[in-house]
$ cat upload-v4.cif   # mmCIF, C-alpha atoms and all ligand atoms
data_start
loop_
_atom_site.label_atom_id
_atom_site.label_comp_id
_atom_site.auth_asym_id
_atom_site.auth_seq_id
_atom_site.Cartn_x
_atom_site.Cartn_y
_atom_site.Cartn_z
CA MET K 192 -30.21 -45.58 -10.07
CA THR K 193 -29.67 -44.37 -13.57
CA VAL K 194 -27.74 -41.30 -14.62
CA GLU K 195 -29.02 -41.34 -18.22
CA HIS K 196 -31.15 -38.23 -17.72
CA LEU K 197 -28.00 -36.22 -16.90
CA ARG K 198 -26.33 -37.33 -20.10
CA GLN K 199 -29.34 -36.10 -22.06
CA LYS K 200 -28.95 -32.52 -20.80
CA LYS K 201 -32.58 -31.65 -20.31
CA PRO K 202 -33.32 -29.44 -17.29
CA SER K 203 -34.99 -31.63 -14.70
CA LEU K 204 -35.76 -32.06 -11.04
CA TRP K 205 -34.49 -35.13 -9.26
CA ILE K 206 -36.06 -36.08 -5.94
CA ASN K 207 -33.70 -37.71 -3.47
CA PRO K 208 -35.00 -41.15 -2.46
CA LYS K 209 -32.66 -41.15 0.54
CA LEU K 210 -34.21 -38.11 2.21
CA SER K 211 -35.00 -39.22 5.77
CA PRO K 212 -36.86 -37.72 8.73
CA ALA K 213 -34.67 -35.11 10.42
CA ASP K 214 -35.13 -36.48 13.94
CA GLU K 215 -33.81 -39.88 12.84
CA THR K 216 -30.91 -38.56 10.79
CA LEU K 217 -29.49 -35.61 12.69
CA PRO K 218 -28.53 -37.41 15.94
CA ARG K 219 -26.46 -39.86 13.89
CA LEU K 220 -24.33 -37.20 12.18
CA GLN K 221 -20.81 -36.35 13.33
CA PHE K 222 -21.69 -32.65 13.79
CA GLY K 223 -24.56 -30.93 15.54
CA MET K 224 -25.97 -27.66 16.81
CA ASP K 225 -23.12 -27.25 19.31
CA ASP K 226 -20.64 -27.07 16.45
CA ILE K 227 -22.66 -24.39 14.66
CA ARG K 228 -23.02 -22.36 17.87
CA ASP K 229 -19.29 -22.64 18.43
CA ALA K 230 -18.67 -21.28 14.92
CA SER K 231 -21.20 -18.52 15.44
CA ASP K 232 -19.55 -17.53 18.75
CA ARG K 233 -16.16 -17.44 17.09
CA LEU K 234 -17.48 -15.10 14.40
CA ARG K 235 -18.87 -12.87 17.12
CA ARG K 236 -15.50 -12.74 18.91
CA PHE K 237 -13.87 -11.72 15.64
CA ALA K 238 -16.49 -9.09 14.77
CA PRO K 239 -14.62 -6.10 16.28
CA LEU K 240 -11.48 -7.09 14.38
CA LEU K 241 -13.37 -7.54 11.10
CA SER K 242 -15.00 -4.18 11.47
CA ASP K 243 -11.50 -2.65 11.82
CA LEU K 244 -10.10 -4.54 8.85
CA PHE K 245 -13.00 -4.24 6.42
CA GLU K 246 -14.85 -1.00 6.04
CA ASP K 247 -17.87 -2.66 4.43
CA THR K 248 -18.57 -4.69 7.60
CA ARG K 249 -18.53 -1.67 9.90
CA LYS K 250 -22.21 -0.81 9.73
CA ALA K 251 -23.10 -4.28 10.95
CA GLY K 252 -20.43 -4.21 13.65
CA GLY K 253 -18.21 -6.74 11.88
CA ILE K 254 -20.93 -9.37 11.44
CA ILE K 255 -20.88 -10.56 7.84
CA GLU K 256 -24.50 -11.09 6.88
CA SER K 257 -26.84 -10.44 3.95
CA LYS K 258 -30.43 -9.29 3.75
CA LEU K 259 -33.45 -11.52 3.30
CA THR K 260 -35.64 -9.63 0.87
CA PRO K 261 -39.20 -10.22 -0.39
CA VAL K 262 -39.28 -10.01 -4.21
CA PRO K 263 -42.96 -9.58 -5.20
CA MET K 264 -42.18 -8.00 -8.59
CA PHE K 265 -39.83 -10.78 -9.51
CA GLN K 266 -42.37 -13.32 -8.28
CA GLN K 267 -44.97 -11.85 -10.61
CA LYS K 268 -42.60 -11.69 -13.59
CA ILE K 269 -41.31 -15.25 -13.36
CA GLY K 270 -44.90 -16.34 -12.78
CA GLU K 271 -45.94 -14.67 -16.04
CA ALA K 272 -42.91 -15.97 -17.92
CA SER K 273 -43.46 -19.55 -16.87
CA GLY K 274 -47.24 -19.58 -16.68
CA ILE K 275 -47.46 -20.58 -13.03
CA ASP K 276 -48.55 -18.89 -9.85
CA ILE K 277 -45.95 -19.22 -7.13
CA PRO K 278 -47.91 -19.66 -3.93
CA GLY K 279 -46.87 -17.98 -0.70
CA ASN K 280 -43.86 -15.74 -0.01
CA LEU K 281 -40.92 -15.54 -2.37
CA LEU K 282 -37.72 -14.06 -0.96
CA VAL K 283 -34.11 -13.73 -2.02
CA LYS K 284 -31.27 -14.33 0.42
CA GLU K 285 -28.82 -11.73 -0.83
CA ASP K 286 -25.44 -13.40 -0.43
CA HIS K 287 -24.41 -11.80 -3.73
CA ALA K 288 -23.98 -8.66 -1.63
CA LEU K 289 -22.06 -10.15 1.30
CA PRO K 290 -19.26 -7.81 2.37
CA VAL K 291 -15.54 -8.54 2.00
CA ALA K 292 -15.85 -11.16 -0.75
CA GLY K 293 -19.09 -10.38 -2.62
CA SER K 294 -20.25 -13.98 -2.54
CA ILE K 295 -21.45 -16.82 -0.34
CA LYS K 296 -17.76 -17.73 0.13
CA ALA K 297 -17.56 -14.88 2.63
CA ARG K 298 -19.28 -17.25 5.06
CA GLY K 299 -17.06 -20.34 4.95
CA GLY K 300 -13.85 -18.91 3.55
CA ILE K 301 -13.44 -16.07 6.00
CA TYR K 302 -14.45 -18.33 8.87
CA GLU K 303 -11.70 -20.82 8.07
CA VAL K 304 -8.99 -18.15 7.92
CA LEU K 305 -10.20 -16.79 11.27
CA CYS K 306 -10.02 -20.28 12.81
CA LEU K 307 -6.39 -20.49 11.75
CA ALA K 308 -5.60 -16.99 13.01
CA GLU K 309 -7.12 -17.77 16.39
CA GLU K 310 -5.42 -21.14 16.69
CA LEU K 311 -1.96 -19.74 15.94
CA ALA K 312 -2.37 -16.75 18.24
CA GLU K 313 -3.56 -18.93 21.10
CA LYS K 314 -0.78 -21.46 20.64
CA THR K 315 1.89 -18.79 20.79
CA GLY K 316 0.29 -17.00 23.74
CA ILE K 317 -0.38 -13.81 21.79
CA LEU K 318 -4.10 -14.21 22.41
CA GLN K 319 -5.24 -14.75 26.00
CA PRO K 320 -8.80 -15.83 26.82
CA ALA K 321 -9.98 -12.39 27.95
CA ASP K 322 -8.35 -10.47 25.09
CA ASN K 323 -10.22 -8.34 22.59
CA TYR K 324 -9.65 -9.86 19.14
CA ARG K 325 -8.67 -6.44 17.81
CA LYS K 326 -5.26 -7.38 19.16
CA LEU K 327 -4.87 -9.68 16.15
CA ALA K 328 -4.43 -6.67 13.88
CA GLY K 329 -1.48 -5.54 15.98
CA PRO K 330 2.24 -5.89 15.22
CA GLU K 331 2.80 -8.94 17.37
CA ALA K 332 0.16 -11.03 15.60
CA ARG K 333 1.22 -9.71 12.21
CA ARG K 334 4.80 -10.85 12.77
CA LEU K 335 3.42 -14.29 13.57
CA TYR K 336 1.11 -14.49 10.55
CA GLU K 337 3.83 -13.31 8.17
CA LYS K 338 5.63 -16.57 8.81
CA TYR K 339 2.71 -18.57 7.46
CA THR K 340 1.21 -19.12 4.04
CA VAL K 341 -2.47 -19.75 3.42
CA THR K 342 -3.26 -21.45 0.15
CA VAL K 343 -6.37 -22.59 -1.70
CA GLY K 344 -7.52 -23.90 -5.09
CA SER K 345 -10.57 -22.23 -6.56
CA THR K 346 -12.69 -21.37 -9.60
CA GLY K 347 -12.56 -17.78 -8.31
CA ASN K 348 -14.82 -16.83 -5.44
CA LEU K 349 -13.28 -18.98 -2.73
CA GLY K 350 -9.92 -17.62 -3.78
CA LEU K 351 -11.24 -14.08 -3.34
CA SER K 352 -12.62 -14.80 0.09
CA ILE K 353 -9.57 -16.64 1.43
CA GLY K 354 -7.02 -14.43 -0.32
CA ILE K 355 -8.53 -11.12 0.79
CA THR K 356 -8.95 -12.21 4.41
CA ALA K 357 -5.59 -13.93 4.75
CA ALA K 358 -3.73 -10.99 3.19
CA ALA K 359 -5.54 -8.48 5.41
CA LEU K 360 -4.35 -10.34 8.50
CA GLY K 361 -0.76 -10.43 7.24
CA PHE K 362 -0.51 -14.02 6.04
CA ASN K 363 1.18 -14.82 2.76
CA ALA K 364 -1.68 -15.84 0.54
CA VAL K 365 -1.40 -18.06 -2.53
CA VAL K 366 -4.45 -18.83 -4.68
CA HIS K 367 -4.44 -21.55 -7.33
CA MET K 368 -7.00 -20.63 -9.97
CA SER K 369 -8.68 -22.93 -12.47
CA SER K 370 -9.17 -22.05 -16.13
CA GLU K 371 -12.73 -20.81 -15.42
CA ALA K 372 -11.47 -18.09 -13.09
CA LYS K 373 -12.12 -14.60 -14.39
CA LYS K 374 -9.34 -12.15 -15.11
CA TRP K 375 -10.81 -9.45 -12.86
CA LYS K 376 -10.77 -11.80 -9.87
CA LYS K 377 -7.08 -12.50 -10.42
CA GLU K 378 -6.36 -8.80 -10.76
CA LEU K 379 -8.32 -7.92 -7.64
CA LEU K 380 -6.37 -10.50 -5.65
CA ARG K 381 -3.03 -9.32 -6.95
CA SER K 382 -3.93 -5.77 -6.00
CA ARG K 383 -4.33 -7.01 -2.42
CA GLY K 384 -0.90 -8.60 -2.42
CA VAL K 385 -2.08 -12.15 -3.03
CA SER K 386 -0.02 -14.48 -5.28
CA VAL K 387 -2.21 -15.97 -7.98
CA ILE K 388 -1.10 -19.13 -9.75
CA GLU K 389 -3.02 -19.87 -12.93
CA HIS K 390 -3.75 -23.38 -14.11
CA LYS K 391 -4.91 -24.58 -17.49
CA GLY K 392 -6.99 -27.33 -15.91
CA ASP K 393 -10.37 -27.30 -14.20
CA TYR K 394 -11.37 -26.76 -10.58
CA GLY K 395 -10.16 -30.22 -9.53
CA THR K 396 -6.72 -29.54 -10.99
CA ALA K 397 -6.44 -26.20 -9.17
CA VAL K 398 -7.37 -27.79 -5.85
CA GLN K 399 -4.97 -30.68 -6.36
CA SER K 400 -2.12 -28.30 -7.23
CA GLY K 401 -2.77 -26.27 -4.10
CA ARG K 402 -2.87 -29.40 -1.99
CA GLU K 403 0.44 -30.68 -3.36
CA ALA K 404 2.22 -27.34 -3.00
CA ALA K 405 1.05 -27.11 0.61
CA ALA K 406 2.12 -30.65 1.45
CA GLU K 407 5.69 -29.85 0.47
CA SER K 408 6.07 -26.66 2.48
CA PRO K 409 5.97 -26.38 6.26
CA ARG K 410 4.01 -23.47 7.70
CA THR K 411 1.63 -23.66 4.78
CA TYR K 412 -2.03 -24.08 5.55
CA PHE K 413 -4.21 -25.45 2.78
CA VAL K 414 -7.92 -24.66 2.73
CA ASP K 415 -9.34 -27.85 1.28
CA ASP K 416 -12.62 -27.02 -0.44
CA GLU K 417 -13.33 -30.73 -0.90
CA HIS K 418 -12.84 -31.85 2.71
CA SER K 419 -12.91 -28.85 5.01
CA VAL K 420 -14.97 -29.11 8.20
CA ARG K 421 -14.27 -25.47 8.98
CA LEU K 422 -15.69 -24.25 5.68
CA PHE K 423 -18.74 -26.43 6.19
CA LEU K 424 -19.46 -25.12 9.68
CA GLY K 425 -18.83 -21.53 8.64
CA TYR K 426 -21.50 -21.89 5.97
CA ALA K 427 -23.87 -23.57 8.42
CA VAL K 428 -23.99 -20.49 10.66
CA ALA K 429 -26.20 -18.92 7.98
CA ALA K 430 -29.06 -21.04 9.30
CA LEU K 431 -29.06 -19.37 12.72
CA ARG K 432 -29.03 -15.95 11.12
CA LEU K 433 -31.81 -16.90 8.70
CA ARG K 434 -33.98 -18.07 11.58
CA THR K 435 -33.68 -14.65 13.18
CA GLN K 436 -34.43 -12.87 9.91
CA LEU K 437 -37.52 -14.96 9.29
CA GLN K 438 -38.76 -14.23 12.80
CA GLU K 439 -38.12 -10.53 12.31
CA SER K 440 -40.08 -10.64 9.04
CA GLY K 441 -42.97 -12.32 10.81
CA ILE K 442 -42.64 -15.42 8.64
CA GLN K 443 -43.63 -18.60 10.34
CA VAL K 444 -41.92 -21.90 9.55
CA ASP K 445 -43.38 -25.15 10.82
CA MET K 446 -45.05 -28.25 9.40
CA GLU K 447 -48.10 -26.19 8.39
CA HIS K 448 -45.89 -23.44 6.92
CA PRO K 449 -43.14 -25.19 4.98
CA LEU K 450 -39.95 -23.48 3.85
CA PHE K 451 -38.40 -24.29 0.46
CA VAL K 452 -34.82 -23.22 -0.16
CA TYR K 453 -33.04 -23.30 -3.52
CA ILE K 454 -29.24 -23.08 -3.36
CA PRO K 455 -26.68 -23.12 -6.19
CA CYS K 456 -24.24 -26.01 -5.78
CA GLY K 457 -20.63 -26.39 -6.88
CA VAL K 458 -18.43 -28.71 -4.85
CA GLY K 459 -21.17 -28.74 -2.20
CA GLY K 460 -19.67 -27.06 0.87
CA ALA K 461 -21.81 -23.94 0.82
CA PRO K 462 -25.20 -25.50 0.03
CA GLY K 463 -24.35 -28.54 2.15
CA GLY K 464 -23.43 -26.48 5.20
CA ILE K 465 -26.52 -24.32 4.86
CA CYS K 466 -28.81 -27.31 4.35
CA PHE K 467 -27.30 -29.01 7.41
CA GLY K 468 -27.85 -25.91 9.53
CA LEU K 469 -31.39 -25.38 8.28
CA LYS K 470 -32.38 -28.97 9.01
CA LEU K 471 -31.08 -28.57 12.57
CA VAL K 472 -33.12 -25.41 12.96
CA PHE K 473 -36.35 -26.31 11.15
CA GLY K 474 -36.31 -30.11 10.86
CA ASP K 475 -38.76 -31.55 8.34
CA ALA K 476 -40.43 -28.16 7.86
CA VAL K 477 -37.57 -27.09 5.57
CA HIS K 478 -36.96 -28.57 2.13
CA CYS K 479 -33.55 -27.92 0.54
CA PHE K 480 -32.97 -28.17 -3.20
CA PHE K 481 -29.56 -27.85 -4.85
CA ALA K 482 -29.30 -26.12 -8.23
CA GLU K 483 -26.65 -27.12 -10.77
CA PRO K 484 -25.82 -26.27 -14.41
CA LEU K 485 -26.70 -28.84 -17.06
CA GLU K 486 -23.00 -29.22 -17.83
CA ALA K 487 -21.88 -29.66 -14.21
CA PRO K 488 -24.43 -31.58 -12.13
CA CYS K 489 -21.70 -33.04 -9.92
CA MET K 490 -23.66 -33.31 -6.67
CA GLN K 491 -26.63 -35.05 -8.22
CA PHE K 492 -24.18 -37.34 -10.02
CA GLY K 493 -22.45 -38.02 -6.70
CA PHE K 494 -25.73 -38.94 -5.01
CA LEU K 495 -26.55 -41.28 -7.90
CA THR K 496 -23.16 -43.00 -7.95
CA ASP K 497 -22.44 -43.16 -4.21
CA PHE K 498 -19.61 -40.68 -4.66
CA ASP K 499 -17.47 -43.22 -6.47
CA PRO K 500 -14.03 -41.53 -6.40
CA ASP K 501 -13.23 -42.79 -9.89
CA LEU K 502 -16.20 -41.09 -11.52
CA SER K 503 -16.79 -37.51 -12.54
CA ILE K 504 -19.27 -35.74 -14.79
CA TYR K 505 -16.74 -36.11 -17.64
CA ASP K 506 -17.77 -39.78 -17.66
CA LEU K 507 -21.22 -38.60 -18.77
CA GLY K 508 -19.72 -36.80 -21.74
CA LEU K 509 -20.38 -33.45 -20.06
CA THR K 510 -17.78 -30.72 -20.31
CA LEU K 511 -18.14 -28.18 -17.45
CA THR K 512 -18.78 -25.54 -20.11
CA THR K 513 -21.05 -23.08 -18.33
CA ALA K 514 -21.16 -19.37 -17.62
CA ALA K 515 -21.80 -20.33 -14.01
CA ASP K 516 -18.09 -20.39 -13.19
CA GLY K 517 -18.73 -20.78 -9.47
CA LEU K 518 -20.53 -24.05 -10.13
CA ALA K 519 -18.14 -25.48 -12.73
CA VAL K 520 -17.06 -28.51 -10.71
CA GLY K 521 -16.69 -32.03 -12.09
CA LYS K 522 -16.66 -33.97 -8.85
CA ALA K 523 -18.58 -33.01 -5.73
CA SER K 524 -17.18 -33.22 -2.22
CA SER K 525 -17.81 -36.75 -0.99
CA PHE K 526 -17.32 -35.53 2.58
CA VAL K 527 -20.18 -33.06 2.29
CA GLY K 528 -22.27 -35.19 -0.06
CA LYS K 529 -22.33 -38.25 2.17
CA LEU K 530 -23.02 -36.13 5.24
CA VAL K 531 -26.04 -34.31 3.80
CA GLU K 532 -27.40 -37.11 1.63
CA PRO K 533 -30.30 -37.87 4.02
CA LEU K 534 -31.11 -34.15 4.38
CA VAL K 535 -31.36 -32.90 0.80
CA SER K 536 -34.82 -33.02 -0.78
CA GLY K 537 -33.53 -32.97 -4.34
CA CYS K 538 -31.36 -31.47 -7.05
CA TYR K 539 -32.25 -29.85 -10.32
CA THR K 540 -30.36 -28.82 -13.42
CA THR K 541 -30.76 -25.57 -15.26
CA ARG K 542 -29.64 -24.13 -18.61
CA ASP K 543 -27.29 -21.19 -18.96
CA GLU K 544 -29.97 -19.30 -20.93
CA GLN K 545 -32.21 -19.57 -17.89
CA LEU K 546 -29.44 -18.19 -15.66
CA PHE K 547 -29.04 -15.12 -17.86
CA ARG K 548 -32.77 -14.55 -18.04
CA SER K 549 -33.06 -14.67 -14.25
CA LEU K 550 -30.00 -12.46 -13.82
CA TYR K 551 -31.68 -9.86 -16.03
CA LEU K 552 -35.06 -10.14 -14.31
CA LEU K 553 -33.55 -9.80 -10.84
CA MET K 554 -31.97 -6.51 -11.85
CA ASP K 555 -34.99 -5.24 -13.72
CA THR K 556 -37.54 -6.00 -11.02
CA GLU K 557 -35.55 -5.72 -7.78
CA GLY K 558 -32.25 -4.01 -8.67
CA MET K 559 -30.21 -7.02 -7.58
CA LYS K 560 -26.84 -7.52 -9.25
CA VAL K 561 -26.04 -11.21 -9.39
CA GLU K 562 -23.62 -13.38 -11.37
CA PRO K 563 -24.79 -16.32 -13.51
CA SER K 564 -23.97 -18.93 -10.82
CA ALA K 565 -26.03 -17.01 -8.32
CA ALA K 566 -29.12 -17.10 -10.53
CA ALA K 567 -29.32 -20.90 -10.50
CA GLY K 568 -31.70 -20.87 -7.53
CA CYS K 569 -34.28 -18.84 -9.46
CA ALA K 570 -35.62 -21.80 -11.42
CA GLY K 571 -36.34 -23.67 -8.19
CA PRO K 572 -40.00 -22.79 -7.60
CA PHE K 573 -40.83 -23.51 -11.23
CA MET K 574 -39.03 -26.87 -11.18
CA LEU K 575 -40.74 -27.93 -7.97
CA LEU K 576 -44.25 -26.71 -8.71
CA THR K 577 -44.70 -27.75 -12.34
CA GLY K 578 -43.10 -31.13 -13.06
CA GLU K 579 -44.53 -34.52 -12.11
CA GLN K 580 -41.56 -35.24 -9.81
CA GLY K 581 -42.06 -32.07 -7.85
CA LYS K 582 -45.82 -32.42 -7.57
CA ALA K 583 -45.48 -35.96 -6.29
CA TYR K 584 -42.93 -34.76 -3.74
CA LEU K 585 -45.28 -32.04 -2.51
CA ARG K 586 -48.20 -34.45 -2.24
CA ARG K 587 -46.05 -36.80 -0.18
CA THR K 588 -44.48 -34.25 2.16
CA CYS K 589 -47.00 -31.39 2.46
CA ARG K 590 -50.74 -31.21 2.28
CA VAL K 591 -51.84 -29.06 -0.66
CA SER K 592 -53.34 -26.46 1.63
CA GLU K 593 -49.94 -26.03 3.28
CA VAL K 594 -48.22 -25.20 0.02
CA SER K 595 -50.25 -22.02 -0.27
CA GLN K 596 -48.86 -20.88 3.08
CA SER K 597 -45.32 -21.74 2.15
CA THR K 598 -42.17 -19.66 1.87
CA HIS K 599 -39.66 -20.01 -0.97
CA ILE K 600 -36.14 -18.66 -0.62
CA ILE K 601 -33.88 -18.26 -3.64
CA TRP K 602 -30.33 -18.18 -2.32
CA SER K 603 -28.43 -15.70 -4.44
CA THR K 604 -24.74 -16.48 -4.04
CA GLY K 605 -22.52 -13.91 -5.72
CA GLY K 606 -22.12 -10.97 -8.07
CA SER K 607 -21.87 -7.60 -6.34
CA PHE K 608 -18.13 -7.37 -7.08
CA LEU K 609 -18.55 -7.99 -10.83
CA PRO K 610 -17.00 -5.20 -12.90
CA GLU K 611 -19.69 -3.15 -14.67
CA LYS K 612 -18.55 -4.12 -18.15
CA GLU K 613 -18.69 -7.81 -17.42
CA TYR K 614 -22.06 -7.46 -15.75
CA ARG K 615 -23.55 -5.44 -18.62
CA ASN K 616 -22.71 -8.24 -21.05
CA PHE K 617 -24.54 -10.76 -18.89
CA TYR K 618 -27.48 -8.43 -18.46
CA ARG K 619 -27.78 -7.76 -22.20
CA ARG K 620 -27.65 -11.43 -22.96
CA GLY K 621 -30.39 -12.06 -20.42
CA ARG K 622 -32.58 -9.32 -21.84
C1 LIG K 701 -18.87 -21.39 -4.69
C2 LIG K 701 -20.13 -20.87 -5.17
C3 LIG K 701 -21.32 -21.60 -5.07
C4 LIG K 701 -21.41 -23.00 -4.53
O1 LIG K 701 -20.66 -23.32 -3.40
P1 LIG K 701 -19.93 -24.73 -3.29
O2 LIG K 701 -19.40 -24.79 -1.92
O3 LIG K 701 -18.85 -24.75 -4.33
O4 LIG K 701 -20.96 -25.77 -3.59
C5 LIG K 701 -22.46 -21.01 -5.54
N1 LIG K 701 -22.45 -19.78 -6.08
C6 LIG K 701 -21.34 -19.04 -6.18
C7 LIG K 701 -21.42 -17.67 -6.78
C8 LIG K 701 -20.15 -19.57 -5.73
O5 LIG K 701 -19.03 -18.85 -5.86
#

$ encode --input "upload-v4.cif" --output "structure tokens"
Amino acid sequence: MTVEHLRQKKPSLWINPKLSPADETLPRLQFGMDDIRDASDRLRRFAPLLSDLFEDTRKAGGIIESKLTPVPMFQQKIGEASGIDIPGNLLVKEDHALPVAGSIKARGGIYEVLCLAEELAEKTGILQPADNYRKLAGPEARRLYEKYTVTVGSTGNLGLSIGITAAALGFNAVVHMSSEAKKWKKELLRSRGVSVIEHKGDYGTAVQSGREAAAESPRTYFVDDEHSVRLFLGYAVAALRLRTQLQESGIQVDMEHPLFVYIPCGVGGAPGGICFGLKLVFGDAVHCFFAEPLEAPCMQFGFLTDFDPDLSIYDLGLTLTTAADGLAVGKASSFVGKLVEPLVSGCYTTRDEQLFRSLYLLMDTEGMKVEPSAAAGCAGPFMLLTGEQGKAYLRRTCRVSEVSQSTHIIWSTGGSFLPEKEYRNFYRRGR
């Protein structure tokens, strides 16, 4: 398979030739529905504690979840702008407004810190099976957690999620930030007592530095964005929640009512986990597309090169220069990529200008405050419905009549914590 089209930097949709029927693929994978249920149950056990620790989770009883919102005005506007009619329902999954971390990282990142907190408290006997998890905010657990350091490498948002949660529980938290990371994210973390170590290099460098620092120190737990099963399963829980939300909205999903989901992709953990969960829930009735910046299409590149560890998007002459800092990753997770390869319908690339335009339109039509990375999903319906690749895919997988009764979900992944000044610049540029 050629990668020439990525080198040419023209926005395009790539259909995954390795997509396979869900009922053949899923039983062969190393994880399944039991693992997602287990993660979901763990989050429920922690809910009372989270609602004590984080005010913004209180209304929902400590369950960290975002709204699924129909966006008819936005649907009309992007239809007009691009000259197409988007058939069926268009909704936004509002992870930009997730509590605690303000991004999709609140799903995986917080989950992984909670796994560690539970494991340590059980091992030391502080937590007994019948205990209320509120106990983990008490002095005994705090004295335990203070002896441990949680560390992570990040372009910003994962650092926020891990740092904020770990510090709130009493862990020492150390976040290695890449050069893309924004100043306000570093300042926010420091204000919560998190140590921030800045690196001149990219995301990969920050992760590698975190990994090495952790390897040298005992009692240091490294959250490995490139290989973490816990992150992956934490993200996957979103699928169970989405199923409930769709049911509550009266939206049917089955082979006659297909669901199309467009998710921004960086290293792959978040979109990969969600795609995995959605395929377990909806099987072949759901079609997942990953959205990447023109300058950082690392997951598509990984699919095309079999995740060759020696290759990165720098080998294409690309530079990672994008305003979508959350997606500025040169090499995708091979762990996630190989796992979800038979489940992903395709990947597309999108220009920064398009991200800003969508960011502006989302605010203007629906009042949604998103960051550039989070807007990458917005081009999805257009990419799928207009190009030859997308049309051929639809003909092959859905009958035309089904497409008119379809549902499209744009997964919006971050932005509600953006400082006003920063956001206004993005908005103005988009306008
Ligand atoms: C991290 C992030 C993503 C993508 O998640 P990955 O696990 O890196 O693929 C998308 N959007 C935002 C805003 C993010 O911070």

$ residues_around --input "upload-v4.cif" --residues "range 378-380 of chain K" --least-positions-apart "2" --cutoff "10 Å" --atoms "all atoms listed in the file" --output "VMD selection string"
chain K and resid 347 350 to 355 358 364 to 366 373 to 376 382 to 387 608

$ closest_residue --input "upload-v4.cif" --among "K:Ala312, K:Leu217, K:Met574, K:Ala297" --to "ligand LIG 701 (chain K)" --atoms "only C-alpha atoms and all ligand atoms"
K:Ala297

$ residues_near_ligand --input "upload-v4.cif" --ligand "ligand LIG 701 (chain K)" --cutoff "6 Å" --atoms "all atoms listed in the file" --output "ChimeraX atom specification"
/K:294,348,455-462,517-518,564-565,604-605

$ residues_around --input "upload-v4.cif" --residues "Tyr336 in chain K" --least-positions-apart "2" --cutoff "6 Å" --atoms "all atoms listed in the file" --output "VMD selection string"
chain K and resid 333 to 334 338 to 339 361 to 362

$ write_last_selection --input "upload-v4.cif" --atoms "C-alpha atoms" --output "mmCIF file, in the coordinates of the input"
data_model
loop_
_atom_site.group_PDB
_atom_site.id
_atom_site.type_symbol
_atom_site.label_atom_id
_atom_site.label_comp_id
_atom_site.auth_asym_id
_atom_site.auth_seq_id
_atom_site.Cartn_x
_atom_site.Cartn_y
_atom_site.Cartn_z
ATOM 1 C CA ARG K 333 1.220 -9.710 12.210
ATOM 2 C CA ARG K 334 4.800 -10.850 12.770
ATOM 3 C CA LYS K 338 5.630 -16.570 8.810
ATOM 4 C CA TYR K 339 2.710 -18.570 7.460
ATOM 5 C CA GLY K 361 -0.760 -10.430 7.240
ATOM 6 C CA PHE K 362 -0.510 -14.020 6.040
#

$ closest_atom_pairs --input "upload-v4.cif" --of "range 376-488 of chain K" --to "range 527-544 of chain K" --cutoff "8 Å" --atoms "all atoms listed in the file" --output "tab-separated table"
residue	atom	partner	partner_atom	distance
K:Glu417	CA	K:Val527	CA	7.9
K:His418	CA	K:Val527	CA	7.5
K:Phe423	CA	K:Val527	CA	7.8
K:Gly459	CA	K:Val527	CA	6.3
K:Gly460	CA	K:Val527	CA	6.2
K:Gly463	CA	K:Val527	CA	6.2
K:Gly464	CA	K:Val527	CA	7.9
K:Cys466	CA	K:Val535	CA	7.1
K:Phe467	CA	K:Val531	CA	6.5
K:Lys470	CA	K:Leu534	CA	7.1
K:His478	CA	K:Ser536	CA	5.7
K:Cys479	CA	K:Ser536	CA	5.4
K:Phe480	CA	K:Gly537	CA	5.0
K:Phe481	CA	K:Cys538	CA	4.6
K:Ala482	CA	K:Tyr539	CA	5.2
K:Glu483	CA	K:Thr540	CA	4.9
K:Pro484	CA	K:Thr541	CA	5.1
K:Leu485	CA	K:Thr540	CA	5.2
K:Pro488	CA	K:Thr540	CA	6.7

$ closest_residue --input "upload-v4.cif" --among "K:Gly395, K:Gly293, K:Pro212, K:Gly521" --to "Ser345 in chain K" --atoms "all atoms listed in the file"
K:Gly395

$ residues_around --input "upload-v4.cif" --residues "Asp276 in chain K" --least-positions-apart "4" --cutoff "10 Å" --atoms "only C-alpha atoms" --output "compact mmCIF listing (two decimals) with C-alpha atoms, keeping the file's coordinate frame"
# COMPACT_ATOMS: atom_id res chain seq x y z
CA GLN K 266 -42.37 -13.32 -8.28
CA GLN K 267 -44.97 -11.85 -10.61
CA ILE K 269 -41.31 -15.25 -13.36
CA GLY K 270 -44.90 -16.34 -12.78
CA GLU K 271 -45.94 -14.67 -16.04
CA PRO K 572 -40.00 -22.79 -7.60
CA PHE K 573 -40.83 -23.51 -11.23
CA LEU K 576 -44.25 -26.71 -8.71
CA THR K 577 -44.70 -27.75 -12.34

$ residues_near_point --input "upload-v4.cif" --point "(-35.4, -10.7, -18.9)" --cutoff "6 Å" --atoms "all atoms listed in the file" --output "VMD selection string"
chain K and resid 548 551 to 552 621 to 622

$ atom_distance --input "upload-v4.cif" --atom1 "CA of Leu450 in chain K" --atom2 "CA of Lys560 in chain K"
24.5 Å

$ closest_residue --input "upload-v4.cif" --among "K:Gln443, K:Asp555, K:Lys209, K:Ala523" --to "Ile504 in chain K" --atoms "only C-alpha atoms"
K:Ala523

$ atom_distance --input "upload-v4.cif" --atom1 "CA of Val398 in chain K" --atom2 "CA of Pro500 in chain K"
15.3 Å

$ residues_around --input "upload-v4.cif" --residues "Gly279 in chain K" --least-positions-apart "5" --cutoff "10 Å" --atoms "only C-alpha atoms" --output "VMD selection string"
chain K and resid 266 448 to 450 593 to 599

$ atom_distance --input "upload-v4.cif" --atom1 "CA of Ala487 in chain K" --atom2 "CA of Asp415 in chain K"
20.0 Å
